[in-house]
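*Asks:* What follows is my_file-v9.pdb; its format and atoms are PDB, C-alpha atoms, pLDDT in the B column.
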ATOM      1  CA  MET A 121      31.562 -46.062 177.914  1.00 70.00           C
ATOM      2  CA  PHE A 122      27.900 -45.772 179.060  1.00 74.00           C
ATOM      3  CA  ILE A 123      27.377 -42.852 181.425  1.00 79.00           C
ATOM      4  CA  THR A 124      24.178 -42.062 183.310  1.00 76.00           C
ATOM      5  CA  SER A 125      23.102 -39.716 186.074  1.00 70.00           C
ATOM      6  CA  GLN A 126      20.387 -42.107 187.238  1.00 73.00           C
ATOM      7  CA  ASN A 127      20.833 -43.742 190.623  1.00 69.00           C
ATOM      8  CA  PRO A 128      20.553 -46.700 190.547  1.00 75.00           C
ATOM      9  CA  PRO A 129      21.681 -46.963 186.913  1.00 79.00           C
ATOM     10  CA  PRO A 130      19.189 -48.384 184.392  1.00 82.00           C
ATOM     11  CA  VAL A 131      19.090 -52.152 183.846  1.00 86.00           C
ATOM     12  CA  PHE A 132      18.659 -53.301 180.249  1.00 91.00           C
ATOM     13  CA  ASP A 133      18.384 -57.063 180.816  1.00 92.00           C
ATOM     14  CA  TYR A 134      16.197 -58.796 178.192  1.00 92.00           C
ATOM     15  CA  MET A 135      15.363 -55.504 176.451  1.00 96.00           C
ATOM     16  CA  THR A 136      15.470 -54.848 172.711  1.00 97.00           C
ATOM     17  CA  LEU A 137      18.036 -52.295 171.539  1.00 97.00           C
ATOM     18  CA  VAL A 138      17.323 -50.233 168.414  1.00 98.00           C
ATOM     19  CA  MET A 139      20.163 -48.204 166.926  1.00 98.00           C
ATOM     20  CA  PRO A 140      21.063 -46.565 163.606  1.00 98.00           C
ATOM     21  CA  ALA A 141      24.086 -46.887 161.418  1.00 97.00           C
ATOM     22  CA  VAL A 142      25.301 -43.557 160.050  1.00 96.00           C
ATOM     23  CA  ALA A 143      24.745 -44.355 156.378  1.00 96.00           C
ATOM     24  CA  VAL A 144      23.582 -42.880 153.066  1.00 96.00           C
ATOM     25  CA  GLY A 145      20.757 -40.375 153.489  1.00 95.00           C
ATOM     26  CA  ASN A 146      20.926 -40.658 157.304  1.00 95.00           C
ATOM     27  CA  VAL A 147      17.830 -42.861 156.993  1.00 97.00           C
ATOM     28  CA  GLY A 148      18.559 -44.881 160.136  1.00 97.00           C
ATOM     29  CA  GLN A 149      19.087 -41.763 162.224  1.00 97.00           C
ATOM     30  CA  LEU A 150      15.894 -40.162 160.931  1.00 96.00           C
ATOM     31  CA  ALA A 151      13.956 -43.355 161.681  1.00 97.00           C
ATOM     32  CA  VAL A 152      15.309 -43.379 165.242  1.00 97.00           C
ATOM     33  CA  ASP A 153      14.283 -39.706 165.578  1.00 96.00           C
ATOM     34  CA  LEU A 154      10.721 -40.713 164.699  1.00 96.00           C
ATOM     35  CA  LEU A 155      10.810 -43.524 167.243  1.00 95.00           C
ATOM     36  CA  ILE A 156      12.056 -41.315 170.088  1.00 96.00           C
ATOM     37  CA  SER A 157       9.701 -38.448 169.239  1.00 94.00           C
ATOM     38  CA  THR A 158       6.572 -40.592 168.815  1.00 93.00           C
ATOM     39  CA  LEU A 159       7.044 -42.610 171.979  1.00 92.00           C
ATOM     40  CA  SER A 160       8.362 -39.593 173.961  1.00 91.00           C
ATOM     41  CA  LEU A 161      11.261 -41.710 175.159  1.00 94.00           C
ATOM     42  CA  PRO A 162      13.228 -40.242 178.080  1.00 93.00           C
ATOM     43  CA  ARG A 163      17.000 -40.001 177.881  1.00 93.00           C
ATOM     44  CA  VAL A 164      18.668 -42.359 180.367  1.00 94.00           C
ATOM     45  CA  GLY A 165      22.324 -41.799 179.527  1.00 93.00           C
ATOM     46  CA  TYR A 166      24.863 -41.442 176.766  1.00 91.00           C
ATOM     47  CA  LEU A 167      27.870 -43.180 175.280  1.00 91.00           C
ATOM     48  CA  HIS A 168      31.185 -41.458 175.839  1.00 90.00           C
ATOM     49  CA  THR A 169      33.760 -42.346 173.188  1.00 92.00           C
ATOM     50  CA  ASP A 170      36.305 -40.630 170.982  1.00 94.00           C
ATOM     51  CA  CYS A 171      35.292 -42.885 168.075  1.00 95.00           C
ATOM     52  CA  VAL A 172      32.424 -40.547 167.118  1.00 94.00           C
ATOM     53  CA  ILE A 173      32.989 -36.961 165.984  1.00 94.00           C
ATOM     54  CA  PRO A 174      32.061 -34.790 169.009  1.00 93.00           C
ATOM     55  CA  MET A 175      29.051 -32.510 168.724  1.00 91.00           C
ATOM     56  CA  ALA A 176      26.487 -30.859 170.969  1.00 91.00           C
ATOM     57  CA  GLY A 177      23.269 -28.955 170.446  1.00 89.00           C
ATOM     58  CA  ASN A 178      19.812 -28.100 171.720  1.00 88.00           C
ATOM     59  CA  ASN A 179      17.082 -30.636 172.458  1.00 89.00           C
ATOM     60  CA  PRO A 180      15.910 -32.072 169.109  1.00 89.00           C
ATOM     61  CA  TYR A 181      12.680 -33.355 170.690  1.00 89.00           C
ATOM     62  CA  ALA A 182      11.733 -30.249 172.670  1.00 85.00           C
ATOM     63  CA  HIS A 183       8.060 -29.827 173.601  1.00 80.00           C
ATOM     64  CA  GLY A 184       8.412 -26.098 174.282  1.00 75.00           C
ATOM     65  CA  GLN A 185      10.715 -23.378 175.543  1.00 77.00           C
ATOM     66  CA  ASP A 186      11.160 -25.070 178.922  1.00 79.00           C
ATOM     67  CA  ASP A 187      13.197 -27.986 177.588  1.00 77.00           C
ATOM     68  CA  ALA A 188      14.455 -26.526 174.292  1.00 76.00           C
ATOM     69  CA  GLY A 189      17.754 -25.462 175.849  1.00 79.00           C
ATOM     70  CA  GLU A 190      18.712 -28.916 177.129  1.00 86.00           C
ATOM     71  CA  LEU A 191      22.180 -29.958 175.971  1.00 89.00           C
ATOM     72  CA  HIS A 192      22.307 -33.081 173.795  1.00 91.00           C
ATOM     73  CA  THR A 193      25.343 -34.913 172.477  1.00 92.00           C
ATOM     74  CA  ALA A 194      26.414 -37.205 169.630  1.00 93.00           C
ATOM     75  CA  SER A 195      25.516 -40.602 171.147  1.00 95.00           C
ATOM     76  CA  GLU A 196      22.604 -40.863 173.574  1.00 95.00           C
ATOM     77  CA  VAL A 197      20.521 -43.689 175.031  1.00 96.00           C
ATOM     78  CA  TYR A 198      16.741 -43.509 175.488  1.00 96.00           C
ATOM     79  CA  ALA A 199      14.463 -46.138 177.009  1.00 95.00           C
ATOM     80  CA  ALA A 200      10.877 -47.206 177.645  1.00 93.00           C
ATOM     81  CA  PHE A 201      11.179 -49.903 180.293  1.00 93.00           C
ATOM     82  CA  GLU A 202       7.457 -50.694 180.148  1.00 92.00           C
ATOM     83  CA  LEU A 203       7.993 -51.680 176.490  1.00 92.00           C
ATOM     84  CA  ASN A 204      11.345 -53.426 177.087  1.00 94.00           C
ATOM     85  CA  LEU A 205      12.795 -51.013 174.534  1.00 96.00           C
ATOM     86  CA  ALA A 206      16.069 -49.102 174.513  1.00 96.00           C
ATOM     87  CA  VAL A 207      17.174 -46.792 171.709  1.00 97.00           C
ATOM     88  CA  LEU A 208      20.668 -45.565 170.921  1.00 97.00           C
ATOM     89  CA  GLN A 209      20.763 -42.444 168.745  1.00 97.00           C
ATOM     90  CA  ILE A 210      24.047 -41.634 166.980  1.00 96.00           C
ATOM     91  CA  ARG A 211      24.037 -38.107 165.545  1.00 94.00           C
ATOM     92  CA  ALA A 212      27.577 -37.782 164.193  1.00 94.00           C
ATOM     93  CA  PRO A 213      29.791 -39.807 161.843  1.00 94.00           C
ATOM     94  CA  VAL A 214      32.171 -42.426 163.164  1.00 95.00           C
ATOM     95  CA  VAL A 215      35.852 -41.501 162.839  1.00 95.00           C
ATOM     96  CA  LYS A 216      37.013 -43.617 159.908  1.00 91.00           C
ATOM     97  CA  SER A 217      40.264 -44.742 161.511  1.00 95.00           C
ATOM     98  CA  LYS A 218      38.379 -45.828 164.661  1.00 95.00           C
ATOM     99  CA  SER A 219      35.506 -47.715 163.036  1.00 95.00           C
ATOM    100  CA  LYS A 220      36.719 -51.153 164.156  1.00 95.00           C
ATOM    101  CA  ARG A 221      37.262 -49.996 167.736  1.00 96.00           C
ATOM    102  CA  PHE A 222      33.808 -48.386 167.800  1.00 96.00           C
ATOM    103  CA  ARG A 223      32.211 -51.658 166.693  1.00 96.00           C
ATOM    104  CA  GLN A 224      34.096 -53.499 169.429  1.00 96.00           C
ATOM    105  CA  LEU A 225      32.979 -50.968 172.053  1.00 95.00           C
ATOM    106  CA  LEU A 226      29.361 -51.258 170.899  1.00 96.00           C
ATOM    107  CA  LEU A 227      29.374 -55.051 171.055  1.00 96.00           C
ATOM    108  CA  SER A 228      31.045 -55.026 174.476  1.00 95.00           C
ATOM    109  CA  TRP A 229      28.356 -52.654 175.786  1.00 95.00           C
ATOM    110  CA  ILE A 230      25.549 -54.668 174.155  1.00 95.00           C
ATOM    111  CA  LYS A 231      26.749 -57.915 175.735  1.00 95.00           C
ATOM    112  CA  ALA A 232      27.466 -56.360 179.127  1.00 93.00           C
ATOM    113  CA  SER A 233      24.010 -54.717 179.213  1.00 93.00           C
ATOM    114  CA  GLY A 234      22.168 -57.976 178.606  1.00 94.00           C
ATOM    115  CA  PHE A 235      20.069 -56.917 175.605  1.00 96.00           C
ATOM    116  CA  CYS A 236      18.099 -59.844 174.212  1.00 95.00           C
ATOM    117  CA  ARG A 237      18.437 -58.559 170.637  1.00 97.00           C
ATOM    118  CA  THR A 238      19.783 -55.578 168.715  1.00 97.00           C
ATOM    119  CA  LEU A 239      18.088 -54.092 165.646  1.00 98.00           C
ATOM    120  CA  VAL A 240      20.263 -51.884 163.431  1.00 98.00           C
ATOM    121  CA  LEU A 241      18.491 -49.436 161.100  1.00 98.00           C
ATOM    122  CA  SER A 242      20.596 -48.720 158.048  1.00 98.00           C
ATOM    123  CA  SER A 243      20.628 -47.844 154.341  1.00 97.00           C
ATOM    124  CA  SER A 244      22.646 -48.507 151.210  1.00 97.00           C
ATOM    125  CA  HIS A 245      23.216 -46.771 147.864  1.00 97.00           C
ATOM    126  CA  ALA A 246      20.322 -47.558 145.518  1.00 96.00           C
ATOM    127  CA  TYR A 247      22.481 -47.051 142.421  1.00 95.00           C
ATOM    128  CA  ARG A 248      24.854 -49.833 143.559  1.00 93.00           C
ATOM    129  CA  ARG A 249      22.212 -52.570 143.464  1.00 92.00           C
ATOM    130  CA  ASP A 250      22.676 -55.602 141.232  1.00 89.00           C
ATOM    131  CA  ASP A 251      19.929 -57.139 139.084  1.00 88.00           C
ATOM    132  CA  ARG A 252      18.475 -59.319 141.861  1.00 89.00           C
ATOM    133  CA  GLN A 253      18.349 -56.402 144.296  1.00 91.00           C
ATOM    134  CA  LEU A 254      16.299 -54.374 141.809  1.00 92.00           C
ATOM    135  CA  ARG A 255      13.405 -56.783 142.221  1.00 90.00           C
ATOM    136  CA  GLY A 256      10.664 -56.155 144.756  1.00 91.00           C
ATOM    137  CA  THR A 257      10.704 -53.393 147.342  1.00 94.00           C
ATOM    138  CA  PRO A 258      13.882 -51.510 148.365  1.00 96.00           C
ATOM    139  CA  PHE A 259      13.703 -53.013 151.873  1.00 97.00           C
ATOM    140  CA  ARG A 260      16.026 -55.852 152.944  1.00 97.00           C
ATOM    141  CA  TYR A 261      17.156 -57.461 156.183  1.00 97.00           C
ATOM    142  CA  LEU A 262      20.025 -59.474 157.629  1.00 97.00           C
ATOM    143  CA  VAL A 263      19.942 -61.638 160.754  1.00 97.00           C
ATOM    144  CA  THR A 264      22.732 -63.316 162.686  1.00 97.00           C
ATOM    145  CA  PRO A 265      22.547 -67.072 163.347  1.00 96.00           C
ATOM    146  CA  SER A 266      22.164 -66.345 167.069  1.00 96.00           C
ATOM    147  CA  LEU A 267      18.981 -64.302 166.557  1.00 97.00           C
ATOM    148  CA  LEU A 268      17.712 -66.655 163.855  1.00 95.00           C
ATOM    149  CA  ARG A 269      17.711 -69.506 166.389  1.00 94.00           C
ATOM    150  CA  ILE A 270      15.560 -67.402 168.720  1.00 91.00           C
ATOM    151  CA  SER A 271      13.243 -65.613 166.277  1.00 92.00           C
ATOM    152  CA  GLY A 272      13.432 -67.537 163.000  1.00 89.00           C
ATOM    153  CA  ASP A 273       9.673 -68.104 162.888  1.00 92.00           C
ATOM    154  CA  ALA A 274       8.975 -64.403 163.432  1.00 93.00           C
ATOM    155  CA  PHE A 275      11.129 -63.403 160.450  1.00 93.00           C
ATOM    156  CA  GLU A 276       9.435 -66.049 158.318  1.00 92.00           C
ATOM    157  CA  GLU A 277       6.000 -64.694 159.239  1.00 94.00           C
ATOM    158  CA  LEU A 278       7.052 -61.136 158.334  1.00 94.00           C
ATOM    159  CA  GLY A 279       7.821 -62.289 154.801  1.00 93.00           C
ATOM    160  CA  TRP A 280      10.754 -59.909 154.415  1.00 95.00           C
ATOM    161  CA  ARG A 281      13.388 -60.387 151.749  1.00 95.00           C
ATOM    162  CA  GLU A 282      16.915 -61.092 152.950  1.00 95.00           C
ATOM    163  CA  LEU A 283      19.729 -58.995 151.508  1.00 96.00           C
ATOM    164  CA  GLU A 284      21.215 -60.817 148.533  1.00 93.00           C
ATOM    165  CA  ARG A 285      24.922 -61.566 148.429  1.00 90.00           C
ATOM    166  CA  ARG A 286      26.698 -60.266 145.334  1.00 81.00           C
ATOM    167  CA  LEU A 287      28.925 -62.013 142.821  1.00 71.00           C
ATOM    168  CA  ASP A 288      31.495 -59.595 141.462  1.00 69.00           C
ATOM    169  CA  ALA A 289      32.997 -60.016 138.008  1.00 63.00           C
ATOM    170  CA  GLY A 290      35.757 -62.615 138.060  1.00 63.00           C
ATOM    171  CA  ALA A 291      34.908 -63.784 141.599  1.00 66.00           C
ATOM    172  CA  ASP A 292      34.134 -67.397 142.489  1.00 70.00           C
ATOM    173  CA  GLU A 293      32.031 -66.767 145.580  1.00 80.00           C
ATOM    174  CA  THR A 294      29.260 -64.372 146.538  1.00 82.00           C
ATOM    175  CA  LYS A 295      29.978 -61.815 149.242  1.00 90.00           C
ATOM    176  CA  LEU A 296      28.055 -59.427 151.444  1.00 93.00           C
ATOM    177  CA  ALA A 297      28.213 -55.824 150.224  1.00 94.00           C
ATOM    178  CA  ILE A 298      26.491 -52.789 151.767  1.00 96.00           C
ATOM    179  CA  PRO A 299      27.899 -49.756 149.888  1.00 95.00           C
ATOM    180  CA  GLY A 300      27.210 -46.529 151.744  1.00 96.00           C
ATOM    181  CA  GLY A 301      26.193 -48.461 154.861  1.00 96.00           C
ATOM    182  CA  GLY A 302      28.866 -47.168 157.252  1.00 95.00           C
ATOM    183  CA  ILE A 303      29.599 -49.664 160.032  1.00 96.00           C
ATOM    184  CA  THR A 304      26.640 -51.899 159.096  1.00 97.00           C
ATOM    185  CA  LYS A 305      28.546 -54.699 157.388  1.00 96.00           C
ATOM    186  CA  GLY A 306      31.349 -54.766 159.972  1.00 96.00           C
ATOM    187  CA  LEU A 307      28.922 -54.726 162.909  1.00 97.00           C
ATOM    188  CA  TYR A 308      26.894 -57.549 161.367  1.00 97.00           C
ATOM    189  CA  THR A 309      29.913 -59.761 160.636  1.00 97.00           C
ATOM    190  CA  ASP A 310      31.384 -59.071 164.095  1.00 97.00           C
ATOM    191  CA  SER A 311      28.031 -60.019 165.665  1.00 97.00           C
ATOM    192  CA  CYS A 312      27.943 -63.273 163.686  1.00 96.00           C
ATOM    193  CA  ARG A 313      31.438 -64.121 164.875  1.00 96.00           C
ATOM    194  CA  GLU A 314      30.703 -63.243 168.524  1.00 96.00           C
ATOM    195  CA  ASP A 315      27.260 -64.934 168.560  1.00 96.00           C
ATOM    196  CA  VAL A 316      25.351 -61.693 169.278  1.00 97.00           C
ATOM    197  CA  PRO A 317      21.586 -61.706 168.467  1.00 97.00           C
ATOM    198  CA  LEU A 318      21.388 -58.891 165.913  1.00 97.00           C
ATOM    199  CA  ALA A 319      19.374 -57.986 162.831  1.00 98.00           C
ATOM    200  CA  VAL A 320      19.885 -55.278 160.234  1.00 98.00           C
ATOM    201  CA  LEU A 321      16.861 -53.542 158.708  1.00 98.00           C
ATOM    202  CA  LEU A 322      18.057 -51.811 155.553  1.00 97.00           C
ATOM    203  CA  LEU A 323      16.623 -49.626 152.794  1.00 97.00           C
ATOM    204  CA  PHE A 324      18.148 -48.910 149.390  1.00 97.00           C
ATOM    205  CA  CYS A 325      17.982 -45.153 148.834  1.00 97.00           C
ATOM    206  CA  SER A 326      19.677 -42.081 147.390  1.00 96.00           C
ATOM    207  CA  GLU A 327      20.771 -38.814 148.970  1.00 94.00           C
ATOM    208  CA  GLY A 328      18.095 -36.106 149.034  1.00 92.00           C
ATOM    209  CA  ASP A 329      14.801 -35.823 150.875  1.00 92.00           C
ATOM    210  CA  ASN A 330      14.986 -39.054 152.864  1.00 95.00           C
ATOM    211  CA  VAL A 331      11.985 -38.450 155.131  1.00 94.00           C
ATOM    212  CA  PRO A 332       9.817 -40.930 153.144  1.00 95.00           C
ATOM    213  CA  ASP A 333      12.620 -43.504 153.429  1.00 96.00           C
ATOM    214  CA  ALA A 334      12.785 -42.993 157.206  1.00 96.00           C
ATOM    215  CA  LEU A 335       9.008 -43.408 157.525  1.00 95.00           C
ATOM    216  CA  SER A 336       9.185 -46.603 155.493  1.00 96.00           C
ATOM    217  CA  LEU A 337      12.060 -48.023 157.540  1.00 97.00           C
ATOM    218  CA  VAL A 338      10.512 -47.244 160.941  1.00 96.00           C
ATOM    219  CA  SER A 339       7.210 -48.728 159.735  1.00 94.00           C
ATOM    220  CA  HIS A 340       9.012 -51.992 158.950  1.00 96.00           C
ATOM    221  CA  LEU A 341      10.481 -51.864 162.450  1.00 96.00           C
ATOM    222  CA  ASP A 342       6.975 -51.430 163.857  1.00 94.00           C
ATOM    223  CA  ASP A 343       5.805 -54.458 161.879  1.00 94.00           C
ATOM    224  CA  MET A 344       8.267 -56.423 163.982  1.00 95.00           C
ATOM    225  CA  LEU A 345       7.899 -54.722 167.373  1.00 94.00           C
ATOM    226  CA  HIS A 346       4.218 -53.610 167.188  1.00 91.00           C
ATOM    227  CA  LEU A 347       4.939 -50.380 169.039  1.00 89.00           C
ATOM    228  CA  LEU A 348       2.102 -48.331 167.559  1.00 84.00           C
ATOM    229  CA  ASN A 349      -0.367 -51.123 168.317  1.00 71.00           C
ATOM    230  CA  HIS A 350       0.509 -50.938 172.000  1.00 60.00           C
ATOM    231  CA  ALA A 351      -2.389 -49.626 174.088  1.00 46.00           C
ATOM    232  CA  MET A 352      -0.319 -46.638 175.204  1.00 53.00           C
ATOM    233  CA  TRP A 353       0.849 -45.623 171.724  1.00 50.00           C
ATOM    234  CA  GLU A 354      -2.157 -45.676 169.369  1.00 54.00           C
ATOM    235  CA  VAL A 355      -0.805 -42.719 167.392  1.00 63.00           C
ATOM    236  CA  LYS A 356       0.861 -42.039 164.058  1.00 83.00           C
ATOM    237  CA  TRP A 357       4.540 -41.218 163.729  1.00 91.00           C
ATOM    238  CA  LYS A 358       5.326 -37.828 165.235  1.00 91.00           C
ATOM    239  CA  ILE A 359       7.746 -35.580 163.364  1.00 91.00           C
ATOM    240  CA  PRO A 360      10.289 -34.061 165.818  1.00 91.00           C
ATOM    241  CA  PRO A 361      10.497 -30.255 165.871  1.00 87.00           C
ATOM    242  CA  SER A 362      14.172 -30.360 164.864  1.00 85.00           C
ATOM    243  CA  TRP A 363      13.067 -31.491 161.405  1.00 88.00           C
ATOM    244  CA  ASN A 364      11.711 -28.008 160.739  1.00 83.00           C
ATOM    245  CA  LEU A 365      15.284 -27.071 159.791  1.00 74.00           C
ATOM    246  CA  LEU A 366      16.199 -30.403 158.195  1.00 75.00           C
ATOM    247  CA  PHE A 367      17.336 -28.636 155.026  1.00 73.00           C
ATOM    248  CA  GLY A 368      18.461 -25.433 156.716  1.00 71.00           C
ATOM    249  CA  SER A 369      16.541 -22.217 157.288  1.00 68.00           C
ATOM    250  CA  GLY A 370      14.440 -20.544 154.618  1.00 70.00           C
ATOM    251  CA  ILE A 371      15.724 -18.209 151.925  1.00 72.00           C
ATOM    252  CA  PRO A 372      16.453 -14.753 153.443  1.00 74.00           C
ATOM    253  CA  PRO A 373      14.012 -12.218 151.933  1.00 78.00           C
ATOM    254  CA  ALA A 374      16.782  -9.616 151.938  1.00 80.00           C
ATOM    255  CA  ILE A 375      18.487 -11.236 148.931  1.00 78.00           C
ATOM    256  CA  PHE A 376      15.594 -10.290 146.648  1.00 76.00           C
TER
END
Show how you would write the structure in this file as structure tokens.
*Replies:*
Amino acid sequence: MFITSQNPPPVFDYMTLVMPAVAVGNVGQLAVDLLISTLSLPRVGYLHTDCVIPMAGNNPYAHGQDDAGELHTASEVYAAFELNLAVLQIRAPVVKSKSKRFRQLLLSWIKASGFCRTLVLSSSHAYRRDDRQLRGTPFRYLVTPSLLRISGDAFEELGWRELERRLDAGADETKLAIPGGGITKGLYTDSCREDVPLAVLLLFCSEGDNVPDALSLVSHLDDMLHLLNHAMWEVKWKIPPSWNLLFGSGIPPAIF
């Protein structure tokens, strides 16, 4: 599944993996874009699977004409080994009929690679919130029991609000619901069952201009990882050049 041209191949033991879920507003993907662009993370490989809709394009993080023509694909892995950080960017939707298999492939790769924890950046429909979820900020988190045993104190110090379970009309028990969250709920429940250290960082949002949501989500991630406070990265978030066409090209003057 993981393919690299590096020899020897990269070793991810005890590193933190950050990845998005393809969800409402593409907030997780945009947040990962900011992370890769700001830290200038090099690509170390990619995931080859038929579970994600195939796509290819130019370098979204190009610094100039020299590297603008590099070919990039739907699922790529970036890393900063000096920061013990690996980042998986997923640029295309997961094939609906293969969602379960994709989650299984991801967890198999995560466990085989030896990551110490996985942080999933995701989003959920703001209009589907219940009364309790309307309180406070739109940010929520989930953490598996495996990661809670390791980093419970850290989450307590952050003071984040855990995603509330919902009680549907006529139901006797609360349940976890992440409408518009893509594979988020399934990946979280699978990780709980397989004892994988994983946390979900989630923002309630709506479709539209989701750049502010992405900046908010990646800032919460930085509160946990302290990446911008690192001596090498005392900078603000860097917008990737591919965002210049985030909403398409400008209006052609010829139509007027």
*Asks:* Smallest atom-to-atom distance to Ala151 (chain A): which of A:Asn330, A:Ser233, A:Thr124, A:Ser219, using all atoms listed in the file?
*Replies:*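 Of all the options, A:Asn330 lies closest to Ala151 (chain A).
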*Asks:* Once the PyMOL selection byres ((chain A and resi 222) around 12) is applied to the coordinates I shared, what remains selected? I want it as a VMD selection string.
*Replies:* chain A and resid 121 141 167 to 173 195 210 213 to 221 223 to 229 302 to 304 306 to 307 310
*Asks:* Could you dump the residues just selected with C-alpha atoms as a CSV table (one decimal), in the coordinates of the input?
*Replies:*
chain,number,residue,atom,x,y,z
A,121,MET,CA,31.6,-46.1,177.9
A,141,ALA,CA,24.1,-46.9,161.4
A,167,LEU,CA,27.9,-43.2,175.3
A,168,HIS,CA,31.2,-41.5,175.8
A,169,THR,CA,33.8,-42.3,173.2
A,170,ASP,CA,36.3,-40.6,171.0
A,171,CYS,CA,35.3,-42.9,168.1
A,172,VAL,CA,32.4,-40.5,167.1
A,173,ILE,CA,33.0,-37.0,166.0
A,195,SER,CA,25.5,-40.6,171.1
A,210,ILE,CA,24.0,-41.6,167.0
A,213,PRO,CA,29.8,-39.8,161.8
A,214,VAL,CA,32.2,-42.4,163.2
A,215,VAL,CA,35.9,-41.5,162.8
A,216,LYS,CA,37.0,-43.6,159.9
A,217,SER,CA,40.3,-44.7,161.5
A,218,LYS,CA,38.4,-45.8,164.7
A,219,SER,CA,35.5,-47.7,163.0
A,220,LYS,CA,36.7,-51.2,164.2
A,221,ARG,CA,37.3,-50.0,167.7
A,223,ARG,CA,32.2,-51.7,166.7
A,224,GLN,CA,34.1,-53.5,169.4
A,225,LEU,CA,33.0,-51.0,172.1
A,226,LEU,CA,29.4,-51.3,170.9
A,227,LEU,CA,29.4,-55.1,171.1
A,228,SER,CA,31.0,-55.0,174.5
A,229,TRP,CA,28.4,-52.7,175.8
A,302,GLY,CA,28.9,-47.2,157.3
A,303,ILE,CA,29.6,-49.7,160.0
A,304,THR,CA,26.6,-51.9,159.1
A,306,GLY,CA,31.3,-54.8,160.0
A,307,LEU,CA,28.9,-54.7,162.9
A,310,ASP,CA,31.4,-59.1,164.1
*Asks:* Fewer than 5 positions away in the same chain doesn't count, so skip those; otherwise give me all residues within 8 Å of region 269-281 of chain A, counting only C-alpha atoms, as a ChimeraX atom specification.
*Replies:* /A:259-261,343-344
*Asks:* Once you have the residues from the selection above, write them out as a short mmCIF file (atom, residue, chain, number, x, y, z; two decimals), in the frame of the given file, restricted to C-alpha atoms.
*Replies:*
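New file result30.cif:
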data_model
loop_
_atom_site.label_atom_id
_atom_site.label_comp_id
_atom_site.auth_asym_id
_atom_site.auth_seq_id
_atom_site.Cartn_x
_atom_site.Cartn_y
_atom_site.Cartn_z
CA PHE A 259 13.70 -53.01 151.87
CA ARG A 260 16.03 -55.85 152.94
CA TYR A 261 17.16 -57.46 156.18
CA ASP A 343 5.80 -54.46 161.88
CA MET A 344 8.27 -56.42 163.98
#
*Asks:* Taking the file as shown, what set of residues would the PyMOL selection byres ((chain A and resi 247-250) around 9) give back, as a list of chain:residue names?
*Replies:*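 Written out, the selection comes to A:Ser244, A:His245, A:Ala246, A:Asp251, A:Arg252, A:Gln253, A:Leu254, A:Arg286, A:Ile298, A:Pro299, A:Phe324, A:Cys325, A:Ser326.
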*Asks:* With all atoms listed in the file as the atoms that count, which of A:Leu323, A:Leu203, A:Ala176, A:Ile230 lies nearest to Glu190 (chain A)?
*Replies:*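 Nearest to Glu190 (chain A): A:Ala176.
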*Asks:* List the spatial neighbours of Lys356 (chain A) as a list in words - criterion: any atom at most 12 Å away, all atoms listed in the file, same-chain residues fewer than 5 positions off excluded.
*Replies:*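 Listing them by chain and then by number gives Leu154, Leu155, Ser157, Thr158, Leu159, Leu335, Val338, Ser339, Asp342, Leu347, Leu348, Asn349 and His350 of chain A.
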*Asks:* Show me, as number ranges by chain, the residues that have an atom within 10 Å of Pro129 (chain A) when counting all atoms listed in the file, minus same-chain residues fewer than 5 positions from it.
*Replies:* A: 123-124, 164-165
*Asks:* I'd like the contact shell of Leu322 (chain A) - 9 Å cut-off, all atoms listed in the file, skipping same-chain residues fewer than 4 positions apart - returned as a PyMOL selection string.
*Replies:* chain A and resi 148+240-244+258-262+283+301+337
*Asks:* Which residue out of A:Pro130, A:Pro360, A:Gly370, A:Gly184 has the minimum interatomic distance to Arg163 (chain A) when only C-alpha atoms are used?
*Replies:* A:Pro130
*Asks:* Could you check how far CA of Thr309 (chain A) sits from CA of Leu208 (chain A), in Å to one decimal?
*Replies:*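 These atoms are spaced 19.8 Å apart.
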*Asks:* Between CA of Ser311 (chain A) and CA of Asp153 (chain A), what is the spacing in Å?
*Replies:*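 For CA of Asp153 (chain A) relative to CA of Ser311 (chain A), the distance reads 24.5 Å.
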*Asks:* So what do you get for CA of Asn364 (chain A) versus CA of Ala188 (chain A), distance-wise?
*Replies:*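 CA of Ala188 (chain A) lies 13.9 Å from CA of Asn364 (chain A).
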*Asks:* Let me make sure I understand: among A:Met139, A:Met175, A:Arg237, A:Gln185, which one has the smallest atom-to-atom distance to Val197 (chain A) if we use all atoms listed in the file?
*Replies:*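 Smallest distance to Val197 (chain A) is found for A:Met139.
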*Asks:* Anything within 6 Å of (11.7, -40.3, 158.0): list those residues as a VMD selection string, counting only C-alpha atoms and sticking to the file's coordinates.
*Replies:* chain A and resid 150 to 151 331 to 335
